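Here is the structure we will look at.
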Amino acid sequence: MKSIKYYLFFVCIVSNSNIMKSQEFGLQLYSLRNQFKINIENSIKTISDWGIKVVEGGDSYGMIDSEFIKLLNKYEIEIVSIGASFEDLRDNIDKVLAETKKYNVKYVMCAWIPHEGVFSIKDAKSAVNVFNNAGKVLSDNGVILTYHIHGYEFHKYQSKTLFDFIVNNSENFFFQMDVYWVKHGGEDPLDLLNRYPNKFVMMHLKDMKKGVLGDKSGHQDVETNVVLGQGQIDIEGVVKKGKELGIRYMFIEDESSRVLKQIPLSLDFLKSIK
């Protein structure tokens with residue numbers, strides 16, 4: 001297998017507790033998309049005031065990229081992961097690679113596989129091909145490609161799911177677990193981590209309001225995002241398992257209108273986990 005040496009090297013790194021740095025709780029910058037529209041520097045300062053030092057981004061919210069990066073540096077915030085569209089990974093990998101160099105990141109995350117109607121095996125096969133090809137280019141340049149699960153991948157396929165198909169055919173890419181969307185799609189985040197302990201390299205921590213019923217659409221009202229530990233997802237169990245597996249970066253993502261009130265409470269909850 002063309003990526004086996006890289007894969008074994010990566011697994012060795014994440015499993016060696018003497019090399020692996022401590023678990024870090026960061027923020028997906030999209031959480032403050034509305035605040036960025038009002039004042040970018042104040043929003044970045046808020047992140048710093050919360051004590052967050054690592055983020056996932058890729059958008060400069062209307063500011064010149066270099067100026068946005070300067071602001072992050074001013075507040076000692078590091079971007080470790082950026083998003084990339086499926087289309088760019090498929091058709092313009094040079095653009096993606098240039099973005100990784102601009103932001104000096106270790107990871108690229110793709111959050112959506114375009115599809116019409118119900119996600120199908122045809123969509124899954126197309127994604128595997130695109131991700132393996134793009135992942136090879138990125139890994140040759142020291143960057144890890146991850147696919148961010150959104151729940152629609154859990155449709156049944158043969159005796160398993162389409163997600164199982166994607167994982168079992170992932171040669172040059174890994175996965176980012178969004179625990180909200182895993183739960184929303186009908187799976188248990190802990191079960192998935194136990195099933196594929198070497199496939200998840202980052203997480204999005206997002207809790208789901210109690211009583212919300214999921215489906216496999218990949219869509220839900222953002223106001224169902226609640227303070228971590230107050231919803232229906234076992235955030236504590238997921239965080240502990242992630243630490244055990246050596247998953248270093250866990251990004252809080254809160255898309256609700258209450259984000260400024262909720263994130264400090266979510267951080268308090270995460271800090272209380274022993």
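Going by the structure tokens order, chains are called A, B, ..., each with residues numbered from 1, while ligands are numbered from 1 in the order shown.
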Leu192 in chain A: which residues within 10 Å, counting only C-alpha atoms, same-chain residues fewer than 6 positions away excluded, as a count of residues only?
-> 6
Give me every strand (DSSP E) residue in range 16-245 of chain A, going by DSSP on the backbone, as a ChimeraX atom specification.
-> /A:24-28,54-57,78-83,107-110,144-148,156-157,160-161,174-178,200-205,207-208,225-226
Where in range 84-148 of chain A does DSSP assign alpha helix (DSSP H), given as a PyMOL selection string?
-> chain A and resi 86-91+93-103+121-140
Closest to Lys183 in chain A among A:Ile166, A:Val54, A:Leu32, A:Val238, using only C-alpha atoms?
->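 Counting only C-alpha atoms, the residue closest to Lys183 in chain A is A:Val238.
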From the list A:Ile40, A:Ile47, A:Leu228, A:Met208, which residue is nearest Leu260 in chain A when using only C-alpha atoms?
->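 Selected residue with least distance to Leu260 in chain A: A:Ile47.
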Residues within 12 Å of Asn39 in chain A, please, as a PDB file with all heavy atoms, in the first residue's frame. Count only C-alpha atoms; anything in the same chain fewer than 5 positions from it doesn't count.
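What follows is the written file around20.pdb:
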```pdb
ATOM      1  N   LEU A  32     -17.365  31.841  16.002  1.00  0.00           N
ATOM      2  CA  LEU A  32     -17.487  33.285  16.204  1.00  0.00           C
ATOM      3  C   LEU A  32     -17.695  34.037  14.885  1.00  0.00           C
ATOM      4  O   LEU A  32     -17.375  35.223  14.782  1.00  0.00           O
ATOM      5  CB  LEU A  32     -16.239  33.831  16.912  1.00  0.00           C
ATOM      6  CG  LEU A  32     -15.983  33.318  18.335  1.00  0.00           C
ATOM      7  CD1 LEU A  32     -14.815  34.065  18.963  1.00  0.00           C
ATOM      8  CD2 LEU A  32     -17.216  33.446  19.215  1.00  0.00           C
ATOM      9  N   ARG A  33     -18.266  33.358  13.914  1.00  0.00           N
ATOM     10  CA  ARG A  33     -18.472  33.983  12.593  1.00  0.00           C
ATOM     11  C   ARG A  33     -19.273  35.282  12.684  1.00  0.00           C
ATOM     12  O   ARG A  33     -18.970  36.250  11.976  1.00  0.00           O
ATOM     13  CB  ARG A  33     -19.163  32.993  11.648  1.00  0.00           C
ATOM     14  CG  ARG A  33     -20.566  32.595  12.117  1.00  0.00           C
ATOM     15  CD  ARG A  33     -21.035  31.308  11.461  1.00  0.00           C
ATOM     16  NE  ARG A  33     -22.359  30.924  11.923  1.00  0.00           N
ATOM     17  CZ  ARG A  33     -22.583  30.346  13.108  1.00  0.00           C
ATOM     18  NH1 ARG A  33     -21.587  30.117  13.944  1.00  0.00           N
ATOM     19  NH2 ARG A  33     -23.814  30.002  13.457  1.00  0.00           N
ATOM     20  N   ASN A  34     -20.280  35.313  13.537  1.00  0.00           N
ATOM     21  CA  ASN A  34     -21.108  36.524  13.661  1.00  0.00           C
ATOM     22  C   ASN A  34     -20.356  37.637  14.380  1.00  0.00           C
ATOM     23  O   ASN A  34     -20.511  38.820  14.056  1.00  0.00           O
ATOM     24  CB  ASN A  34     -22.411  36.197  14.380  1.00  0.00           C
ATOM     25  CG  ASN A  34     -23.295  35.260  13.563  1.00  0.00           C
ATOM     26  OD1 ASN A  34     -23.390  35.403  12.344  1.00  0.00           O
ATOM     27  ND2 ASN A  34     -23.922  34.297  14.223  1.00  0.00           N
ATOM     28  N   ILE A  44     -10.810  37.933  18.291  1.00  0.00           N
ATOM     29  CA  ILE A  44      -9.582  37.173  18.533  1.00  0.00           C
ATOM     30  C   ILE A  44      -9.096  37.387  19.964  1.00  0.00           C
ATOM     31  O   ILE A  44      -8.639  36.454  20.627  1.00  0.00           O
ATOM     32  CB  ILE A  44      -8.503  37.577  17.501  1.00  0.00           C
ATOM     33  CG1 ILE A  44      -8.932  37.101  16.103  1.00  0.00           C
ATOM     34  CG2 ILE A  44      -7.146  36.974  17.875  1.00  0.00           C
ATOM     35  CD1 ILE A  44      -8.016  37.533  14.987  1.00  0.00           C
ATOM     36  N   LYS A  45      -9.213  38.625  20.452  1.00  0.00           N
ATOM     37  CA  LYS A  45      -8.836  38.903  21.838  1.00  0.00           C
ATOM     38  C   LYS A  45      -9.705  38.102  22.807  1.00  0.00           C
ATOM     39  O   LYS A  45      -9.221  37.594  23.830  1.00  0.00           O
ATOM     40  CB  LYS A  45      -8.964  40.390  22.145  1.00  0.00           C
ATOM     41  CG  LYS A  45      -8.534  40.767  23.569  1.00  0.00           C
ATOM     42  CD  LYS A  45      -8.684  42.251  23.821  1.00  0.00           C
ATOM     43  CE  LYS A  45      -8.176  42.618  25.222  1.00  0.00           C
ATOM     44  NZ  LYS A  45      -8.932  41.912  26.291  1.00  0.00           N
ATOM     45  N   THR A  46     -10.987  37.971  22.490  1.00  0.00           N
ATOM     46  CA  THR A  46     -11.892  37.181  23.336  1.00  0.00           C
ATOM     47  C   THR A  46     -11.419  35.737  23.423  1.00  0.00           C
ATOM     48  O   THR A  46     -11.407  35.131  24.501  1.00  0.00           O
ATOM     49  CB  THR A  46     -13.324  37.228  22.779  1.00  0.00           C
ATOM     50  OG1 THR A  46     -13.815  38.563  22.854  1.00  0.00           O
ATOM     51  CG2 THR A  46     -14.258  36.311  23.571  1.00  0.00           C
ATOM     52  N   TYR A  61     -12.396  36.144   7.212  1.00  0.00           N
ATOM     53  CA  TYR A  61     -13.611  36.917   7.492  1.00  0.00           C
ATOM     54  C   TYR A  61     -13.551  38.357   6.944  1.00  0.00           C
ATOM     55  O   TYR A  61     -13.924  39.311   7.617  1.00  0.00           O
ATOM     56  CB  TYR A  61     -13.916  36.899   8.991  1.00  0.00           C
ATOM     57  CG  TYR A  61     -14.178  35.492   9.464  1.00  0.00           C
ATOM     58  CD1 TYR A  61     -13.142  34.707   9.974  1.00  0.00           C
ATOM     59  CD2 TYR A  61     -15.443  34.919   9.329  1.00  0.00           C
ATOM     60  CE1 TYR A  61     -13.367  33.392  10.352  1.00  0.00           C
ATOM     61  CE2 TYR A  61     -15.672  33.606   9.714  1.00  0.00           C
ATOM     62  CZ  TYR A  61     -14.641  32.843  10.212  1.00  0.00           C
ATOM     63  OH  TYR A  61     -14.853  31.534  10.579  1.00  0.00           O
ATOM     64  N   GLY A  62     -13.068  38.468   5.707  1.00  0.00           N
ATOM     65  CA  GLY A  62     -13.044  39.758   5.025  1.00  0.00           C
ATOM     66  C   GLY A  62     -11.764  40.546   5.201  1.00  0.00           C
ATOM     67  O   GLY A  62     -11.535  41.531   4.503  1.00  0.00           O
ATOM     68  N   MET A  63     -10.923  40.127   6.121  1.00  0.00           N
ATOM     69  CA  MET A  63      -9.642  40.805   6.337  1.00  0.00           C
ATOM     70  C   MET A  63      -8.591  40.194   5.409  1.00  0.00           C
ATOM     71  O   MET A  63      -8.679  39.013   5.044  1.00  0.00           O
ATOM     72  CB  MET A  63      -9.219  40.647   7.800  1.00  0.00           C
ATOM     73  CG  MET A  63      -7.893  41.306   8.151  1.00  0.00           C
ATOM     74  SD  MET A  63      -7.519  41.190   9.930  1.00  0.00           S
ATOM     75  CE  MET A  63      -8.504  42.543  10.576  1.00  0.00           C
ATOM     76  N   PHE A  68      -4.845  39.091   9.137  1.00  0.00           N
ATOM     77  CA  PHE A  68      -5.549  38.187  10.050  1.00  0.00           C
ATOM     78  C   PHE A  68      -4.537  37.325  10.803  1.00  0.00           C
ATOM     79  O   PHE A  68      -4.631  37.147  12.024  1.00  0.00           O
ATOM     80  CB  PHE A  68      -6.519  37.313   9.258  1.00  0.00           C
ATOM     81  CG  PHE A  68      -7.462  36.506  10.094  1.00  0.00           C
ATOM     82  CD1 PHE A  68      -8.590  37.088  10.668  1.00  0.00           C
ATOM     83  CD2 PHE A  68      -7.238  35.159  10.318  1.00  0.00           C
ATOM     84  CE1 PHE A  68      -9.470  36.340  11.444  1.00  0.00           C
ATOM     85  CE2 PHE A  68      -8.104  34.399  11.086  1.00  0.00           C
ATOM     86  CZ  PHE A  68      -9.225  34.993  11.652  1.00  0.00           C
TER      87      PHE A  68
END
```
Any idea what the distance is between CA of Tyr152 in chain A and CA of Gly218 in chain A?
-> 5.6 Å
One residue among A:Leu72, A:Ile252, A:Leu245, A:Ile263 is nearest to Ser22 in chain A when using only C-alpha atoms, and that residue is A:Leu245
Neighbour list for Val201 in chain A as a PyMOL selection string, cut-off 12 Å, only C-alpha atoms, skip fewer than 2 positions in-chain | chain A and resi 7+10-11+13-15+23+81+106-109+144-148+173-178+193+196-199+203-204+242-243+245-251
Could you take the residues named above and write them with N, CA, C and O atoms, as a compact mmCIF listing (two decimals), in the first residue's frame?
```txt
# COMPACT_ATOMS: atom_id res chain seq x y z
N TYR A 7 1.68 5.92 7.28
CA TYR A 7 0.67 5.54 8.28
C TYR A 7 1.33 4.98 9.53
O TYR A 7 1.00 5.36 10.65
N PHE A 10 2.97 7.69 11.51
CA PHE A 10 1.99 8.51 12.23
C PHE A 10 1.48 7.79 13.47
O PHE A 10 1.41 8.36 14.55
N VAL A 11 1.13 6.51 13.33
CA VAL A 11 0.62 5.74 14.47
C VAL A 11 1.66 5.67 15.57
O VAL A 11 1.35 5.77 16.75
N ILE A 13 3.93 7.89 16.24
CA ILE A 13 4.00 9.19 16.91
C ILE A 13 2.87 9.35 17.91
O ILE A 13 3.09 9.74 19.05
N VAL A 14 1.61 9.07 17.48
CA VAL A 14 0.49 9.34 18.37
C VAL A 14 0.41 8.35 19.51
O VAL A 14 -0.24 8.59 20.50
N SER A 15 1.06 7.17 19.40
CA SER A 15 0.97 6.22 20.49
C SER A 15 2.09 6.32 21.51
O SER A 15 2.07 5.67 22.50
N GLN A 23 -2.96 16.90 25.57
CA GLN A 23 -4.22 17.21 24.90
C GLN A 23 -4.51 18.70 24.98
O GLN A 23 -4.30 19.33 26.01
N SER A 81 -5.05 23.81 11.96
CA SER A 81 -5.84 23.11 10.94
C SER A 81 -6.66 24.14 10.17
O SER A 81 -7.14 25.12 10.75
N LYS A 106 -0.66 21.97 10.19
CA LYS A 106 -0.32 20.55 10.19
C LYS A 106 -1.42 19.70 9.60
O LYS A 106 -1.20 18.55 9.21
N TYR A 107 -2.66 20.25 9.57
CA TYR A 107 -3.82 19.47 9.14
C TYR A 107 -4.69 20.27 8.16
O TYR A 107 -4.79 21.50 8.25
N VAL A 108 -5.34 19.54 7.27
CA VAL A 108 -6.40 20.08 6.42
C VAL A 108 -7.64 19.26 6.69
O VAL A 108 -7.59 18.02 6.78
N MET A 109 -8.78 19.94 6.83
CA MET A 109 -10.04 19.26 7.12
C MET A 109 -11.07 19.56 6.02
O MET A 109 -11.25 20.71 5.64
N ILE A 144 -1.44 16.49 7.03
CA ILE A 144 -2.37 15.37 7.15
C ILE A 144 -3.77 15.82 6.72
O ILE A 144 -4.28 16.83 7.22
N LEU A 145 -4.37 15.09 5.81
CA LEU A 145 -5.74 15.36 5.37
C LEU A 145 -6.71 14.59 6.25
O LEU A 145 -6.51 13.40 6.51
N THR A 146 -7.77 15.27 6.72
CA THR A 146 -8.80 14.60 7.50
C THR A 146 -10.18 14.88 6.89
O THR A 146 -10.41 15.95 6.32
N TYR A 147 -11.05 13.91 7.03
CA TYR A 147 -12.45 14.10 6.64
C TYR A 147 -13.29 14.22 7.90
O TYR A 147 -13.23 13.38 8.79
N HIS A 148 -14.09 15.28 7.95
CA HIS A 148 -14.93 15.59 9.10
C HIS A 148 -16.31 14.94 8.90
O HIS A 148 -17.06 15.31 8.00
N PHE A 173 -5.56 9.33 4.04
CA PHE A 173 -6.26 10.35 4.82
C PHE A 173 -6.80 9.75 6.11
O PHE A 173 -6.94 8.54 6.24
N PHE A 174 -7.09 10.65 7.05
CA PHE A 174 -7.60 10.25 8.36
C PHE A 174 -8.93 10.96 8.60
O PHE A 174 -9.55 11.47 7.66
N PHE A 175 -9.38 11.01 9.84
CA PHE A 175 -10.72 11.51 10.13
C PHE A 175 -10.74 12.46 11.32
O PHE A 175 -9.95 12.33 12.25
N GLN A 176 -11.66 13.41 11.22
CA GLN A 176 -11.95 14.31 12.33
C GLN A 176 -13.36 13.96 12.82
O GLN A 176 -14.31 14.01 12.04
N MET A 177 -13.47 13.61 14.09
CA MET A 177 -14.78 13.25 14.63
C MET A 177 -15.47 14.48 15.20
O MET A 177 -14.97 15.12 16.12
N ASP A 178 -16.63 14.81 14.64
CA ASP A 178 -17.52 15.79 15.25
C ASP A 178 -18.54 14.97 16.03
O ASP A 178 -19.39 14.29 15.44
N LEU A 193 -14.82 5.37 18.22
CA LEU A 193 -13.42 5.49 18.62
C LEU A 193 -12.82 4.13 18.96
O LEU A 193 -11.66 3.85 18.63
N TYR A 196 -12.37 2.17 15.56
CA TYR A 196 -11.29 2.66 14.69
C TYR A 196 -10.31 3.53 15.49
O TYR A 196 -10.22 4.73 15.29
N PRO A 197 -9.55 2.92 16.39
CA PRO A 197 -8.70 3.69 17.31
C PRO A 197 -7.56 4.45 16.65
O PRO A 197 -7.02 5.38 17.23
N ASN A 198 -7.18 4.05 15.44
CA ASN A 198 -6.05 4.70 14.77
C ASN A 198 -6.45 5.62 13.63
O ASN A 198 -5.59 6.08 12.88
N LYS A 199 -7.74 5.88 13.49
CA LYS A 199 -8.21 6.63 12.33
C LYS A 199 -8.59 8.08 12.63
O LYS A 199 -8.69 8.91 11.74
N MET A 203 -10.77 16.19 16.85
CA MET A 203 -12.19 16.14 17.21
C MET A 203 -12.80 17.53 17.19
O MET A 203 -12.12 18.53 17.42
N HIS A 204 -14.11 17.57 16.96
CA HIS A 204 -14.93 18.73 17.25
C HIS A 204 -15.80 18.35 18.43
O HIS A 204 -16.52 17.34 18.37
N GLY A 242 -10.32 10.02 23.91
CA GLY A 242 -9.44 10.72 22.98
C GLY A 242 -8.04 10.88 23.54
O GLY A 242 -7.05 10.71 22.82
N LYS A 243 -7.96 11.21 24.82
CA LYS A 243 -6.65 11.34 25.46
C LYS A 243 -5.93 10.01 25.47
O LYS A 243 -4.73 9.95 25.20
N LEU A 245 -6.20 7.66 23.35
CA LEU A 245 -5.78 7.34 21.99
C LEU A 245 -4.72 8.29 21.44
O LEU A 245 -4.20 8.08 20.35
N GLY A 246 -4.42 9.34 22.19
CA GLY A 246 -3.41 10.29 21.74
C GLY A 246 -3.92 11.33 20.78
O GLY A 246 -3.15 11.90 20.00
N ILE A 247 -5.24 11.61 20.80
CA ILE A 247 -5.81 12.65 19.95
C ILE A 247 -5.53 13.99 20.62
O ILE A 247 -6.14 14.32 21.64
N ARG A 248 -4.63 14.76 20.04
CA ARG A 248 -4.15 15.96 20.71
C ARG A 248 -5.13 17.13 20.62
O ARG A 248 -5.41 17.79 21.62
N TYR A 249 -5.65 17.40 19.42
CA TYR A 249 -6.44 18.61 19.23
C TYR A 249 -7.94 18.33 19.28
O TYR A 249 -8.47 17.56 18.47
N MET A 250 -8.60 18.98 20.24
CA MET A 250 -10.05 18.87 20.37
C MET A 250 -10.63 20.27 20.32
O MET A 250 -10.46 21.07 21.25
N PHE A 251 -11.30 20.59 19.22
CA PHE A 251 -11.80 21.94 19.00
C PHE A 251 -13.26 22.07 19.43
O PHE A 251 -14.12 21.32 18.94
```
Counting only C-alpha atoms, figure out which residue out of A:Trp112, A:Phe119, A:Tyr30, A:Tyr103 gets nearest to Thr161 in chain A.
->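 Closest to Thr161 in chain A of all the choices is A:Phe119.
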Grab the CA of Gly51 in chain A to CA of Ile77 in chain A distance for me, in Å with one decimal place.
->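 CA of Ile77 in chain A lies at a distance of 9.6 Å from CA of Gly51 in chain A.
The gap separating CA of Tyr180 in chain A from CA of Gly211 in chain A is 13.5 Å, in Å to one decimal.
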Residue contacts of Phe86 in chain A (9 Å, only C-alpha atoms) excluding same-chain residues fewer than 2 positions away, as a ChimeraX atom specification | /A:84,88-91,110-114,127,130-131
Spatial neighbours of Ile79 in chain A, max dist 8 Å, only C-alpha atoms, sep filter under 3 positions, as a list of chain:residue names | A:Val54, A:Val55, A:Glu56, A:Gly57, A:Ile82, A:Tyr103, A:Asn104, A:Val105
